[in-house]
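Q: Enclosed is the structure file coords-v3.tsv (TSV, C-alpha atoms).
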chain	number	residue	atom	x	y	z
A	1	MET	CA	165.37	177.58	119.19
A	2	ARG	CA	165.56	179.55	122.42
A	3	ALA	CA	165.05	177.57	125.62
A	4	GLU	CA	161.90	179.47	126.70
A	5	ALA	CA	160.35	179.05	123.26
A	6	ARG	CA	161.04	175.32	123.49
A	7	VAL	CA	159.25	175.19	126.86
A	8	ALA	CA	156.25	177.16	125.50
A	9	ALA	CA	156.11	174.86	122.49
A	10	GLU	CA	156.16	171.71	124.65
A	11	ALA	CA	152.73	172.78	125.96
A	12	HIS	CA	151.33	171.90	122.52
A	13	LEU	CA	152.83	168.39	122.56
A	14	ALA	CA	150.20	165.65	122.69
A	15	HIS	CA	151.03	162.83	125.09
A	16	HIS	CA	151.18	160.13	122.41
A	17	PHE	CA	154.06	161.78	120.58
A	18	PRO	CA	157.61	161.49	121.92
A	19	ASN	CA	158.61	164.97	120.74
A	20	LEU	CA	157.47	168.04	118.80
A	21	GLU	CA	159.37	167.10	115.66
A	22	GLN	CA	157.54	163.81	115.32
A	23	GLN	CA	154.20	165.48	116.08
A	24	ALA	CA	154.81	168.04	113.31
A	25	HIS	CA	155.87	165.26	110.98
A	26	ALA	CA	152.66	163.29	111.60
A	27	ALA	CA	150.49	166.39	111.21
A	28	ARG	CA	152.16	167.27	107.92
A	29	LEU	CA	151.72	163.75	106.55
A	30	GLY	CA	148.06	163.79	107.60
A	31	MET	CA	147.57	167.08	105.77
A	32	TRP	CA	149.16	165.64	102.63
A	33	LEU	CA	146.79	162.67	102.79
A	34	PHE	CA	143.87	165.09	102.96
A	35	LEU	CA	145.29	167.07	100.03
A	36	ALA	CA	145.53	163.81	98.05
A	37	THR	CA	141.78	163.30	98.52
A	38	GLU	CA	141.24	166.89	97.37
A	39	ILE	CA	143.29	166.20	94.23
A	40	LEU	CA	141.12	163.15	93.50
A	41	LEU	CA	137.95	165.19	94.14
A	42	PHE	CA	138.98	167.76	91.55
A	43	GLY	CA	140.48	164.94	89.46
A	44	GLY	CA	137.03	163.54	88.69
A	45	LEU	CA	135.97	166.91	87.33
A	46	PHE	CA	139.18	167.23	85.30
A	47	VAL	CA	138.42	163.83	83.75
A	48	ALA	CA	134.88	164.98	82.87
A	49	TYR	CA	136.42	168.09	81.34
A	50	GLY	CA	138.89	165.96	79.36
A	51	VAL	CA	136.16	163.72	77.94
A	52	TYR	CA	133.87	166.58	76.89
A	53	ARG	CA	136.69	168.62	75.47
A	54	PHE	CA	137.71	165.57	73.43
A	55	LEU	CA	134.13	165.12	72.18
A	56	TYR	CA	133.37	168.81	71.50
A	57	ALA	CA	136.83	170.26	70.79
A	58	ASP	CA	135.66	172.98	68.40
A	59	THR	CA	132.69	174.02	70.53
A	60	PHE	CA	134.91	174.32	73.60
A	61	LYS	CA	137.33	176.49	71.65
A	62	ALA	CA	134.49	178.77	70.57
A	63	ALA	CA	132.91	178.90	74.03
A	64	SER	CA	136.26	179.75	75.62
A	65	THR	CA	136.41	183.00	73.64
A	66	LEU	CA	133.35	184.14	75.62
A	67	ILE	CA	135.49	184.23	78.78
A	68	GLU	CA	137.65	187.31	79.18
A	69	THR	CA	141.29	186.26	79.46
A	70	HIS	CA	142.35	189.41	81.32
A	71	TRP	CA	140.10	188.63	84.31
A	72	GLY	CA	141.57	185.14	84.51
A	73	ALA	CA	145.12	186.47	84.19
A	74	LEU	CA	144.46	189.03	86.94
A	75	ASN	CA	143.10	186.30	89.21
A	76	THR	CA	146.12	184.11	88.48
A	77	VAL	CA	148.45	186.92	89.53
A	78	VAL	CA	146.36	187.56	92.66
A	79	LEU	CA	146.38	183.89	93.72
A	80	ILE	CA	150.09	183.36	92.98
A	81	SER	CA	150.92	186.48	95.02
A	82	SER	CA	148.71	185.32	97.89
A	83	SER	CA	150.59	182.01	97.81
A	84	LEU	CA	153.80	184.00	98.19
A	85	THR	CA	152.48	185.89	101.23
A	86	VAL	CA	151.29	182.59	102.78
A	87	ALA	CA	154.72	181.01	102.22
A	88	LEU	CA	156.36	184.08	103.79
A	89	ALA	CA	153.91	183.94	106.72
A	90	HIS	CA	154.90	180.33	107.38
A	91	HIS	CA	158.56	181.34	107.17
A	92	GLU	CA	158.10	184.20	109.66
A	93	ALA	CA	156.06	182.03	112.03
A	94	GLU	CA	158.75	179.35	112.03
A	95	HIS	CA	161.32	181.93	113.01
A	96	GLY	CA	159.26	183.55	115.74
A	97	SER	CA	158.00	186.78	114.09
A	98	MET	CA	154.34	186.15	114.94
A	99	LYS	CA	153.12	189.70	114.28
A	100	LYS	CA	154.57	189.67	110.75
A	101	ALA	CA	153.18	186.18	110.15
A	102	GLY	CA	149.68	187.23	111.27
A	103	LEU	CA	149.69	190.33	109.07
A	104	LEU	CA	150.91	188.35	106.05
A	105	LEU	CA	148.10	185.84	106.57
A	106	LEU	CA	145.54	188.65	106.69
A	107	VAL	CA	146.99	190.10	103.47
A	108	SER	CA	146.47	186.66	101.90
A	109	VAL	CA	142.83	186.67	103.05
A	110	ALA	CA	142.41	190.08	101.39
A	111	ALA	CA	143.87	188.65	98.17
A	112	GLY	CA	141.34	185.83	98.38
A	113	ALA	CA	138.58	188.45	98.66
A	114	VAL	CA	139.91	190.21	95.54
A	115	PHE	CA	139.88	186.87	93.71
A	116	LEU	CA	136.26	186.25	94.66
A	117	GLY	CA	135.33	189.82	93.71
A	118	VAL	CA	136.75	189.37	90.20
A	119	LYS	CA	135.05	185.99	89.92
A	120	SER	CA	131.69	187.51	90.88
A	121	ILE	CA	132.09	190.15	88.13
A	122	GLU	CA	132.72	187.32	85.65
A	123	TYR	CA	129.81	185.25	86.95
A	124	GLY	CA	127.49	188.28	86.73
A	125	HIS	CA	128.46	188.77	83.10
A	126	HIS	CA	127.84	185.11	82.26
A	127	PHE	CA	124.48	185.10	84.07
A	128	HIS	CA	123.45	188.19	82.13
A	129	GLU	CA	124.51	186.76	78.76
A	130	GLY	CA	122.86	183.38	79.35
A	131	HIS	CA	126.17	181.47	79.43
A	132	LEU	CA	124.64	178.89	81.74
A	133	PRO	CA	124.57	175.11	82.11
A	134	GLY	CA	122.03	172.76	80.57
A	135	ARG	CA	118.59	174.07	79.66
A	136	PHE	CA	119.39	177.49	81.12
A	137	TYR	CA	121.83	178.10	78.28
A	138	THR	CA	120.22	180.86	76.23
A	139	TYR	CA	123.16	182.46	74.42
A	140	ALA	CA	122.23	182.86	70.75
A	141	GLY	CA	125.77	183.60	69.54
A	142	LEU	CA	126.90	179.99	69.93
A	143	GLN	CA	124.36	177.26	69.33
A	144	ALA	CA	126.17	173.95	68.97
A	145	PRO	CA	126.04	170.58	70.67
A	146	GLY	CA	128.23	170.66	73.76
A	147	ALA	CA	128.08	174.44	74.26
A	148	SER	CA	126.05	174.20	77.45
A	149	MET	CA	128.37	171.42	78.65
A	150	PHE	CA	131.27	173.86	78.60
A	151	TRP	CA	129.39	176.09	81.04
A	152	THR	CA	128.33	173.15	83.21
A	153	LEU	CA	132.00	172.25	83.66
A	154	TYR	CA	133.04	175.90	84.00
A	155	PHE	CA	130.60	176.58	86.83
A	156	LEU	CA	131.21	173.22	88.53
A	157	MET	CA	134.99	173.52	88.52
A	158	THR	CA	135.39	177.25	89.22
A	159	GLY	CA	132.49	177.00	91.72
A	160	LEU	CA	134.10	174.17	93.68
A	161	HIS	CA	137.40	176.03	93.49
A	162	GLY	CA	135.70	179.21	94.73
A	163	LEU	CA	134.24	177.25	97.65
A	164	HIS	CA	137.78	176.18	98.51
A	165	VAL	CA	138.93	179.80	98.34
A	166	ILE	CA	136.18	180.75	100.84
A	167	ILE	CA	137.16	177.90	103.21
A	168	GLY	CA	140.85	178.79	102.80
A	169	MET	CA	140.10	182.43	103.65
A	170	GLY	CA	138.36	181.28	106.83
A	171	VAL	CA	141.29	179.05	107.81
A	172	LEU	CA	143.96	181.66	107.08
A	173	GLY	CA	141.93	184.41	108.75
A	174	LEU	CA	141.53	182.33	111.91
A	175	PHE	CA	145.23	181.44	112.10
A	176	GLY	CA	146.21	185.02	111.24
A	177	VAL	CA	144.22	186.33	114.22
A	178	LEU	CA	145.62	183.57	116.47
A	179	CYS	CA	149.15	184.55	115.37
A	180	LEU	CA	148.49	188.18	116.30
A	181	ARG	CA	147.10	187.08	119.65
A	182	GLY	CA	150.28	185.11	120.33
A	183	LYS	CA	148.72	181.65	120.41
A	184	PHE	CA	151.60	180.15	118.41
A	185	ASN	CA	155.31	180.48	118.91
A	186	GLU	CA	158.66	179.74	117.34
A	187	GLY	CA	158.57	176.07	118.31
A	188	TYR	CA	154.93	175.48	117.41
A	189	SER	CA	153.48	176.94	114.22
A	190	THR	CA	152.07	173.73	112.69
A	191	PRO	CA	148.56	175.21	112.09
A	192	VAL	CA	150.08	178.03	110.03
A	193	GLU	CA	152.00	175.49	107.97
A	194	LEU	CA	148.98	173.22	107.37
A	195	GLY	CA	146.62	176.10	106.56
A	196	GLY	CA	149.29	177.31	104.15
A	197	LEU	CA	149.45	173.89	102.46
A	198	TYR	CA	145.69	174.07	101.89
A	199	TRP	CA	145.98	177.53	100.33
A	200	HIS	CA	148.83	176.42	98.06
A	201	LEU	CA	146.68	173.53	96.83
A	202	VAL	CA	143.90	175.99	95.97
A	203	ASP	CA	146.50	177.98	94.02
A	204	LEU	CA	147.77	174.79	92.37
A	205	ILE	CA	144.29	173.88	91.12
A	206	TRP	CA	143.74	177.37	89.72
A	207	ILE	CA	147.06	177.07	87.85
A	208	PHE	CA	145.44	174.21	85.89
A	209	LEU	CA	141.94	175.72	85.61
A	210	PHE	CA	143.28	178.94	84.08
A	211	PRO	CA	144.75	177.52	80.83
A	212	LEU	CA	141.97	174.91	80.49
A	213	PHE	CA	139.12	177.43	80.50
A	214	TYR	CA	140.62	180.78	79.49
A	215	LEU	CA	143.35	179.82	77.03
A	216	ILE	CA	141.90	177.20	74.69
B	1	MET	CA	158.71	164.42	129.54
B	2	ALA	CA	160.11	164.48	126.05
B	3	MET	CA	162.54	161.82	125.01
B	4	ALA	CA	165.96	162.70	123.70
B	5	HIS	CA	165.73	163.13	119.96
B	6	VAL	CA	168.44	162.62	117.36
B	7	PRO	CA	167.48	164.69	114.30
B	8	SER	CA	167.39	162.75	111.05
B	9	ALA	CA	169.04	163.98	107.86
B	10	GLU	CA	165.67	165.22	106.62
B	11	GLU	CA	165.04	167.28	109.72
B	12	GLU	CA	168.54	168.70	109.52
B	13	ARG	CA	167.70	169.89	106.03
B	14	ALA	CA	164.29	171.20	107.10
B	15	SER	CA	165.63	173.13	110.08
B	16	ARG	CA	168.28	174.90	108.02
B	17	ARG	CA	167.26	178.49	107.61
B	18	ILE	CA	165.74	178.93	104.15
B	19	PRO	CA	166.48	182.39	102.73
B	20	THR	CA	163.31	184.38	101.92
B	21	SER	CA	164.82	185.26	98.55
B	22	ARG	CA	163.91	181.73	97.43
B	23	TYR	CA	160.18	182.52	97.77
B	24	TYR	CA	160.50	185.73	95.78
B	25	ILE	CA	162.42	183.96	93.00
B	26	VAL	CA	159.71	181.27	92.76
B	27	TRP	CA	157.03	183.99	92.71
B	28	ILE	CA	158.75	185.84	89.85
B	29	ALA	CA	159.16	182.55	87.94
B	30	LEU	CA	155.43	181.82	88.39
B	31	LEU	CA	154.47	185.28	87.10
B	32	ALA	CA	156.82	184.90	84.13
B	33	LEU	CA	155.38	181.47	83.26
B	34	THR	CA	151.85	182.93	83.47
B	35	ALA	CA	152.86	185.59	80.93
B	36	VAL	CA	154.44	182.91	78.71
B	37	THR	CA	151.34	180.71	78.73
B	38	ILE	CA	149.11	183.66	77.76
B	39	LEU	CA	151.46	184.68	74.94
B	40	VAL	CA	151.69	181.11	73.63
B	41	ALA	CA	147.89	180.85	73.66
B	42	ARG	CA	147.70	184.03	71.54
B	43	MET	CA	149.91	182.36	68.92
B	44	HIS	CA	147.24	179.69	68.19
B	45	LEU	CA	149.59	176.75	67.76
B	46	GLY	CA	146.89	174.39	66.60
B	47	HIS	CA	144.59	172.08	68.47
B	48	GLY	CA	146.74	169.43	70.09
B	49	PHE	CA	150.05	171.23	70.33
B	50	GLY	CA	148.67	174.34	72.07
B	51	LEU	CA	147.05	172.16	74.73
B	52	VAL	CA	150.27	170.19	75.29
B	53	VAL	CA	152.32	173.39	75.71
B	54	ALA	CA	149.72	174.92	78.06
B	55	LEU	CA	149.67	171.75	80.19
B	56	LEU	CA	153.48	171.54	80.29
B	57	ILE	CA	153.68	175.15	81.51
B	58	ALA	CA	150.94	174.46	84.10
B	59	LEU	CA	152.83	171.35	85.26
B	60	THR	CA	156.02	173.39	85.64
B	61	LYS	CA	154.18	176.04	87.66
B	62	GLY	CA	152.50	173.37	89.77
B	63	SER	CA	155.84	171.69	90.47
B	64	LEU	CA	157.34	175.02	91.58
B	65	VAL	CA	154.44	175.56	93.99
B	66	ALA	CA	154.60	171.99	95.35
B	67	LEU	CA	158.40	171.93	95.72
B	68	PHE	CA	159.07	175.37	97.18
B	69	PHE	CA	155.84	176.87	98.55
B	70	MET	CA	154.62	173.50	99.87
B	71	HIS	CA	158.17	172.55	100.91
B	72	LEU	CA	158.35	169.14	99.24
B	73	TRP	CA	161.94	170.10	98.38
B	74	ASP	CA	162.79	170.19	102.11
B	75	HIS	CA	160.36	167.62	103.54
B	76	GLY	CA	160.69	164.60	101.32
B	77	GLY	CA	159.83	161.00	102.08
B	78	ALA	CA	156.24	160.02	102.72
B	79	ASN	CA	154.81	163.44	101.82
B	80	ARG	CA	156.21	163.20	98.30
B	81	LEU	CA	154.98	159.63	98.04
B	82	VAL	CA	151.40	160.66	98.93
B	83	LEU	CA	151.33	163.37	96.26
B	84	VAL	CA	152.90	161.17	93.59
B	85	THR	CA	150.50	158.31	94.38
B	86	SER	CA	147.43	160.51	94.06
B	87	LEU	CA	148.74	161.94	90.77
B	88	PHE	CA	149.43	158.40	89.51
B	89	PHE	CA	145.84	157.36	90.11
B	90	LEU	CA	144.56	160.58	88.58
B	91	CYS	CA	146.60	159.80	85.44
B	92	LEU	CA	145.14	156.28	85.33
B	93	LEU	CA	141.60	157.66	85.64
B	94	LEU	CA	142.15	160.32	83.00
B	95	GLY	CA	144.16	158.15	80.62
B	96	ILE	CA	141.92	155.10	80.56
B	97	THR	CA	138.71	157.15	80.35
B	98	LEU	CA	140.01	159.19	77.42
B	99	LEU	CA	141.35	156.03	75.78
B	100	ASP	CA	137.82	154.62	75.87
B	101	ASN	CA	136.33	157.57	73.99
B	102	ALA	CA	139.29	157.94	71.66
B	103	SER	CA	139.29	154.29	70.59
B	104	ARG	CA	135.58	154.02	69.83
B	105	PHE	CA	134.06	154.06	66.38
B	106	PRO	CA	133.56	157.86	66.11
B	107	LEU	CA	129.86	157.66	65.30
B	108	THR	CA	129.16	155.99	68.65
B	109	ASN	CA	130.52	158.98	70.59
B	110	PRO	CA	128.25	161.89	71.50
B	111	PRO	CA	126.72	163.83	69.79
B	112	ASN	CA	126.23	160.97	67.30
B	113	THR	CA	124.65	158.53	69.74
B	114	GLU	CA	121.57	158.32	67.50
B	115	THR	CA	123.68	155.73	65.65
B	116	LEU	CA	123.23	153.34	68.53
B	117	ARG	CA	119.46	153.30	68.02
B	118	TRP	CA	119.72	151.98	64.48
B	119	SER	CA	118.88	148.36	63.89
B	120	PRO	CA	121.93	146.34	62.98
B	121	PRO	CA	122.26	145.39	59.32
B	122	GLY	CA	121.16	141.85	58.60
B	123	PRO	CA	118.39	139.78	60.11
B	124	ASP	CA	117.32	140.43	63.66
B	125	ILE	CA	118.20	137.23	65.51
B	126	LEU	CA	117.96	138.68	69.00
B	127	SER	CA	114.27	139.49	69.39
B	128	PRO	CA	112.11	136.52	70.38
B	129	GLY	CA	109.65	135.47	67.71
B	130	VAL	CA	111.74	136.93	64.92
B	131	GLY	CA	113.82	134.18	63.37
B	132	ALA	CA	116.50	134.32	60.73
B	133	HIS	CA	113.66	134.58	58.22
B	134	GLY	CA	112.32	137.73	59.83
B	135	THR	CA	111.98	140.86	57.79
B	136	SER	CA	114.33	143.16	59.64
B	137	SER	CA	115.15	146.37	57.84
B	138	ARG	CA	118.05	148.67	58.53
B	139	HIS	CA	116.64	151.99	59.52
B	140	GLU	CA	113.86	151.04	61.83
B	141	PRO	CA	113.89	151.53	65.55
B	142	PRO	CA	114.51	148.27	67.43
B	143	ARG	CA	111.50	146.04	67.87
B	144	GLU	CA	109.73	145.69	71.14
B	145	HIS	CA	110.34	142.35	72.80
B	146	ALA	CA	106.62	141.52	72.71
B	147	PRO	CA	106.03	138.51	70.42
B	148	GLN	CA	103.73	140.44	68.10
B	149	GLU	CA	104.15	138.13	65.14
B	150	GLN	CA	102.65	135.14	66.89
B	151	GLN	CA	99.21	136.68	66.94
As structure tokens, what does this structure read like?
A:
Amino acid sequence: MRAEARVAAEAHLAHHFPNLEQQAHAARLGMWLFLATEILLFGGLFVAYGVYRFLYADTFKAASTLIETHWGALNTVVLISSSLTVALAHHEAEHGSMKKAGLLLLVSVAAGAVFLGVKSIEYGHHFHEGHLPGRFYTYAGLQAPGASMFWTLYFLMTGLHGLHVIIGMGVLGLFGVLCLRGKFNEGYSTPVELGGLYWHLVDLIWIFLFPLFYLI
Amino acid sequence: MAMAHVPSAEEERASRRIPTSRYYIVWIALLALTAVTILVARMHLGHGFGLVVALLIALTKGSLVALFFMHLWDHGGANRLVLVTSLFFLCLLLGITLLDNASRFPLTNPPNTETLRWSPPGPDILSPGVGAHGTSSRHEPPREHAPQEQQ
């Protein structure tokens, strides 16, 4: 690291840390602890999914054919690619190319918007067809016990995931703009790294949601 | 005033310049695995096996993201421990819950829970006022606990 970058980075050092490396280490560990709670939050829903899929295996298989695989595949590609741009943004920020890092983060935000756009098309279709949870389930093509439960879990899990996408877009957008404004530098890009970790977790959860709902 | 700092082995590894080609390789691998999981799903391997294959592919993809995009490959130690611990407890939650449903008498699982409302075969010895000589029949709803027979 260049000497002037080191001096600029020291301005971000909180007084209770002996050096920047230890501060970054603590911040990263704190972020992982938060991500662990996120995994357990989604974990409860995955367990509910597991139980109901075990109880209504055939109904879940039939209900899954009502979801278009190509939309899910497109969204998987979009999210994986946005994870790539976030990883590259972190890489550029660590090596001092703040403009590149900021632009890559904004590209990731745009990918998040595409993801939500596709999801809203899917949701619109399901609303129209009556593929809805509980007593709002009015689809005549599949009347079996457990059919509405599939949609309860579908909307709960993709809805909570979508909420995380929206929050992630806000976080990445904020840090992208701050990168472009030169608020971070070569020695201090921890926010970009932590925001990136959050986005990768959102991608990670989608990697499991995709086969469980689209590919039964 | 910052103290002098001797970088640990982990920080040495983390500060080494990672080539960007690594990210592109992981990205291509993730796209390829997505294609594989869709193709395998089209083959309809049968109930259990298809799910196992889909989950194995998802686990592989997830590991790639966690190791290389989330840098667990470079920053080991406590960060890895936190992730593994949360996954361990998730497995406990999932495993034991599913074990409960899987090990029950099938007719007591939904949607067959009507079974639970049947009177048990044999005399009803639980309700007050109905002794072993009571006339409990099999397919009646359970009696109210009011001592109706004493009137």
Q: If we count all atoms listed in the file and set the cut-off at 12 Å, which residues sit around Tyr188 in chain A, ignoring sequence neighbours fewer than 2 positions away in its own chain? Please answer as an MDAnalysis selection string.
A: chainID A and resid 1 5:13 19:21 23:24 27 90 93:96 98 179 182:186 190:194
Q: Identify which of the residues B:Leu93, B:Leu72, B:Gly48, B:Leu55 lies closest to Thr34 in chain B, counting only C-alpha atoms when measuring atom-to-atom distances.
A: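 Comparing B:Leu93, B:Leu72, B:Gly48, B:Leu55 against Thr34 in chain B, the winner is B:Leu55.
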Q: Just to confirm, what's the straight-line distance from CA of Leu103 in chain A to CA of Leu180 in chain A in Å (one decimal)?
A: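 That distance, rounded to one decimal, is 7.6 Å.
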Q: Select residues of chain B: the criterion is any atom within 6 Å of an atom of chain A, counting all atoms listed in the file; output as a PDB file with C-alpha atoms, in the frame of the given file.
A:
ATOM      1  CA  ALA B   2     160.110 164.480 126.050  1.00  0.00           C
ATOM      2  CA  MET B   3     162.540 161.820 125.010  1.00  0.00           C
ATOM      3  CA  ALA B  41     147.890 180.850  73.660  1.00  0.00           C
ATOM      4  CA  ALA B  58     150.940 174.460  84.100  1.00  0.00           C
ATOM      5  CA  GLY B  62     152.500 173.370  89.770  1.00  0.00           C
ATOM      6  CA  PHE B  69     155.840 176.870  98.550  1.00  0.00           C
ATOM      7  CA  MET B  70     154.620 173.500  99.870  1.00  0.00           C
ATOM      8  CA  ASN B  79     154.810 163.440 101.820  1.00  0.00           C
ATOM      9  CA  SER B  86     147.430 160.510  94.060  1.00  0.00           C
ATOM     10  CA  LEU B  94     142.150 160.320  83.000  1.00  0.00           C
ATOM     11  CA  LEU B  98     140.010 159.190  77.420  1.00  0.00           C
TER      12      LEU B  98
END
Q: Go ahead and compute the interatomic distance for CA of Gly102 in chain A and CA of Phe115 in chain A, in Å to one decimal.
A: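 Between CA of Gly102 in chain A and CA of Phe115 in chain A the gap is 20.1 Å.
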Q: In Å, with one decimal, what is the gap from CA of Ala26 in chain A to CA of Phe68 in chain B?
A: 19.9 Å
Q: Which residue is closest to Val65 in chain B? Choose from B:Pro128, B:Leu31, B:Thr108, B:Val26 and count all atoms listed in the file.
A: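 Going through B:Pro128, B:Leu31, B:Thr108, B:Val26 one by one, the smallest distance to Val65 in chain B is for B:Val26.
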